[in-house]
Amino acid sequence: MNNLIVNNITRSREEWVDMLDLPEKLETSVIAANVLIVPSMIPAQPKAFVGGTLHLFAFLQSQLGEDVEICIRNEEYEELKLNSRIVRLGRFIVNSITLPLFLGILGTYIYDRIRVPQTVEGGDNLPEYQQPADISFTIAVEDSTGKKKEFQYEGPASDYKAIAGEIERLWNE
Amino acid sequence: MNKKATDIIKHLLDEDFNYDKTIAELDELRIRYRQQQDEDNANNAWAIITIVGIHRDFRKVYSMLKDRQYYDAWCLMEQIEIGVANLLRNFKGVENTVKYISVIVRQLQSLYPYKVFMSTEVAIKERICSICGKQRMIRQHCGHFPGHVYMGELCSDIINKWELKGVSIVYNPEHKYAVAFLGDGKEGRKGHYNYMLLGGLMNFWKDPYAAWHYTIKHIHKSPDEFPGLMDDDKCPCGSGKKYSECCKNDPEGIQHVVYEFRPGLVGV
């Protein structure tokens with residue numbers, strides 16, 4: 001599917017723990033979480049998260065409870081609001097059992113974030129700032145057998161439902 | 001509240017409707033409902049205030065365009081867009097009250113010559129919630145989400161500490177007001193944009209609530225229609241290239257775009 005990239009190599013939870021020098025209690029929680037938000041790997045800002053992560057984390061917690069964790073010490077948390085209207089959701093590590101539920105919750109969050117109603121037909125004649133909103137995210141999926149796959153998407157938000165279905169299909173194949 | 005809202009919406013398009021007075025009255029009601037901890041009515045009052053405000057601002061946009069205050073109208077249209085998005089995020093059932101404005105605003109925006117915008121990269125260090133005033137921390141969220149309405153108030157983040165990391169030029173900005181203008185060294189902004197399409201529209205658009213739409217036709221014109229056109233001149237098609245490096249090589253002639261304005265909306 002267009003705009004969806006699949007990688008077989010992804011940074012592990014243990015590597016993130018080492019890189020961020022997390023305390024033991026947080027490390028335990030990071031390793032155990034079914035959904036983990038990790039730093040967004042913004043060039044020159046290796047520990048930063050994309051704008052909106054604080055609210056996304058709270059939203060995921062409201063839906064998943066303690067199944068979700070964020071990979072950073074409280075005092076080191078920082079968001080970087082980047083230019084342009086693309087809705088950047090960040091990077092996640094997700095346990096395969098939680099994947100369908102997580103994708104559904106993320107879809108609800110995206111629907112809430114996209115602020116411009118798509119009410120005008122215009123196609124190619126519309127200026128770029130009126131084109132349907134884009135989203136981006138990276139989801140690394142893993143299971144207890146050691147299987148790992150990383151899915152990167154950047155493209156129209158309106159394709160999210162199809163992309164979510166494709167991610168599940170590619171993981172299961 | 002519901003009866004009052006219905007009555008207001010019925011008269012919203014009246015020529016003599018007093019938007020500011022209505023908003024002031026509704027705000028008193030909203031504050032009273034807040035004091036009574038009546039969240040439903042406080043939120044409904046917020047919604048009606050927002051709808052009335054959107055219509056008031058839309059009339060202002062129309063007047064600004066008539067007065068050729070194009071950039072000011074552009075900025076106010078962005079506020080309308082944000083208002084509509086916040087309204088529909090919280091009250092999906094009221095879409096019909098602002099749908100016409102939403103469509104016309106998007107059509108107007110697409111007639112502007114603005115293409116590039118300045119956009120900031122900002123590291124957010126500290127912020128508080130506009131509803132409860134609590135500091136937002138990554139593992140201490142108050143439960144109020146930006147863009148949602150609580151007890152008649154729209155929630156937003158209030159950023160107390162931030163650091164500018166960079167400024168970029170983008171086509172698809174987060175903030176549309178950040179239009180890239182040429183500087184003139186004095187007032188800082190030079191009106192170098194060509195608002196010909198909007199000027200043409202305003203000759204034809206006689207009432208803010210008279211619906212219109214436009215179609216675009218791509219045609220070719222003969223070079224004979226541009227007497228004196230030299231190879232080194234800028235191509236009349238508007239590409240910015242030299243004529244000799246652009247439409248001169250097109251056997252069909254010089255590319256030309258025709259905008260045709262017609263009454264009524266399409267696709268709504």
# chains A, B, ... in the order shown; residues from 1 in each chain; ligands from 1
$ interface_residues --of "chain B" --to "chain A" --cutoff "6 Å" --atoms "only C-alpha atoms" --output "NGL selection string"
:B and (85 or 119-124 or 138 or 172-174)
$ residues_around --residues "Tyr112 of chain B" --least-positions-apart "5" --cutoff "12 Å" --atoms "only C-alpha atoms" --output "list in words"
Leu126, Pro127, Tyr129 and Gln130 of chain A; Leu65, Tyr70, Tyr71, Ala73, Trp74, Cys75, Met77, Val105, Arg106, Gln107, Lys176, Val179, Tyr193, Asn194, Tyr195, Met196, Leu197, Leu198, Gly199, Gly200 and Leu201 of chain B
$ atom_distance --atom1 "atom CA of Thr215 of chain B" --atom2 "atom CA of Gly264 of chain B"
12.0 Å
$ atom_distance --atom1 "atom CA of Arg89 of chain B" --atom2 "atom CA of Arg34 of chain B"
20.7 Å
$ residues_around --residues "Lys161 of chain A" --least-positions-apart "3" --cutoff "12 Å" --atoms "only C-alpha atoms" --output "ChimeraX atom specification"
/A:100,103-108,110-111,156-158,164-168
$ select_by_dssp --residues "segment 61-105 of chain A" --states "alpha helix (DSSP H)" --output "list in words"
Gln61, Ser62, Gln63, Leu64, Leu99, Pro100, Leu101, Phe102, Leu103, Gly104 and Ile105 of chain A
$ write_last_selection --atoms "C-alpha atoms" --output "short mmCIF file (atom, residue, chain, number, x, y, z; two decimals), in the first residue's frame"
data_model
loop_
_atom_site.label_atom_id
_atom_site.label_comp_id
_atom_site.auth_asym_id
_atom_site.auth_seq_id
_atom_site.Cartn_x
_atom_site.Cartn_y
_atom_site.Cartn_z
CA GLN A 61 -4.19 5.85 29.37
CA SER A 62 -7.87 6.74 29.60
CA GLN A 63 -8.60 3.86 27.21
CA LEU A 64 -5.94 1.29 28.12
CA LEU A 99 -2.49 -4.18 18.18
CA PRO A 100 -6.15 -4.22 16.97
CA LEU A 101 -7.37 -2.34 20.03
CA PHE A 102 -4.51 0.16 19.82
CA LEU A 103 -5.16 0.86 16.13
CA GLY A 104 -8.83 1.49 16.88
CA ILE A 105 -8.04 3.92 19.72
#
$ atom_distance --atom1 "atom CA of Asn41 of chain B" --atom2 "atom CA of Thr22 of chain B"
16.4 Å
$ residues_around --residues "Trp46 of chain B" --least-positions-apart "5" --cutoff "8 Å" --atoms "only C-alpha atoms" --output "PyMOL selection string"
chain B and resi 27+30+152-153
$ residues_around --residues "segment 143-147 of chain A" --least-positions-apart "3" --cutoff "10 Å" --atoms "only C-alpha atoms" --output "list of chain:residue names"
A:Asn8, A:Asn34, A:Val94, A:Asn95, A:Ser96, A:Ile97, A:Trp171
$ write_last_selection --atoms "C-alpha atoms" --output "PDB file, in the first residue's frame"
ATOM      1  CA  ASN A   8      12.097  -5.894   9.921  1.00  0.00           C
ATOM      2  CA  ASN A  34       1.557  -3.421  25.945  1.00  0.00           C
ATOM      3  CA  VAL A  94       2.979  -2.340  20.579  1.00  0.00           C
ATOM      4  CA  ASN A  95       2.470  -5.893  21.742  1.00  0.00           C
ATOM      5  CA  SER A  96       0.749  -7.871  18.977  1.00  0.00           C
ATOM      6  CA  ILE A  97      -2.150  -8.887  21.256  1.00  0.00           C
ATOM      7  CA  TRP A 171       1.694  -8.516  10.792  1.00  0.00           C
TER       8      TRP A 171
END
$ closest_residue --among "B:Leu265, B:Met118, B:Ala24, B:Leu87" --to "Ala180 of chain B" --atoms "only C-alpha atoms"
B:Met118
$ closest_residue --among "A:Ala32, A:Met41, A:Val17, A:Ile93" --to "Glu66 of chain A" --atoms "only C-alpha atoms"
A:Ala32
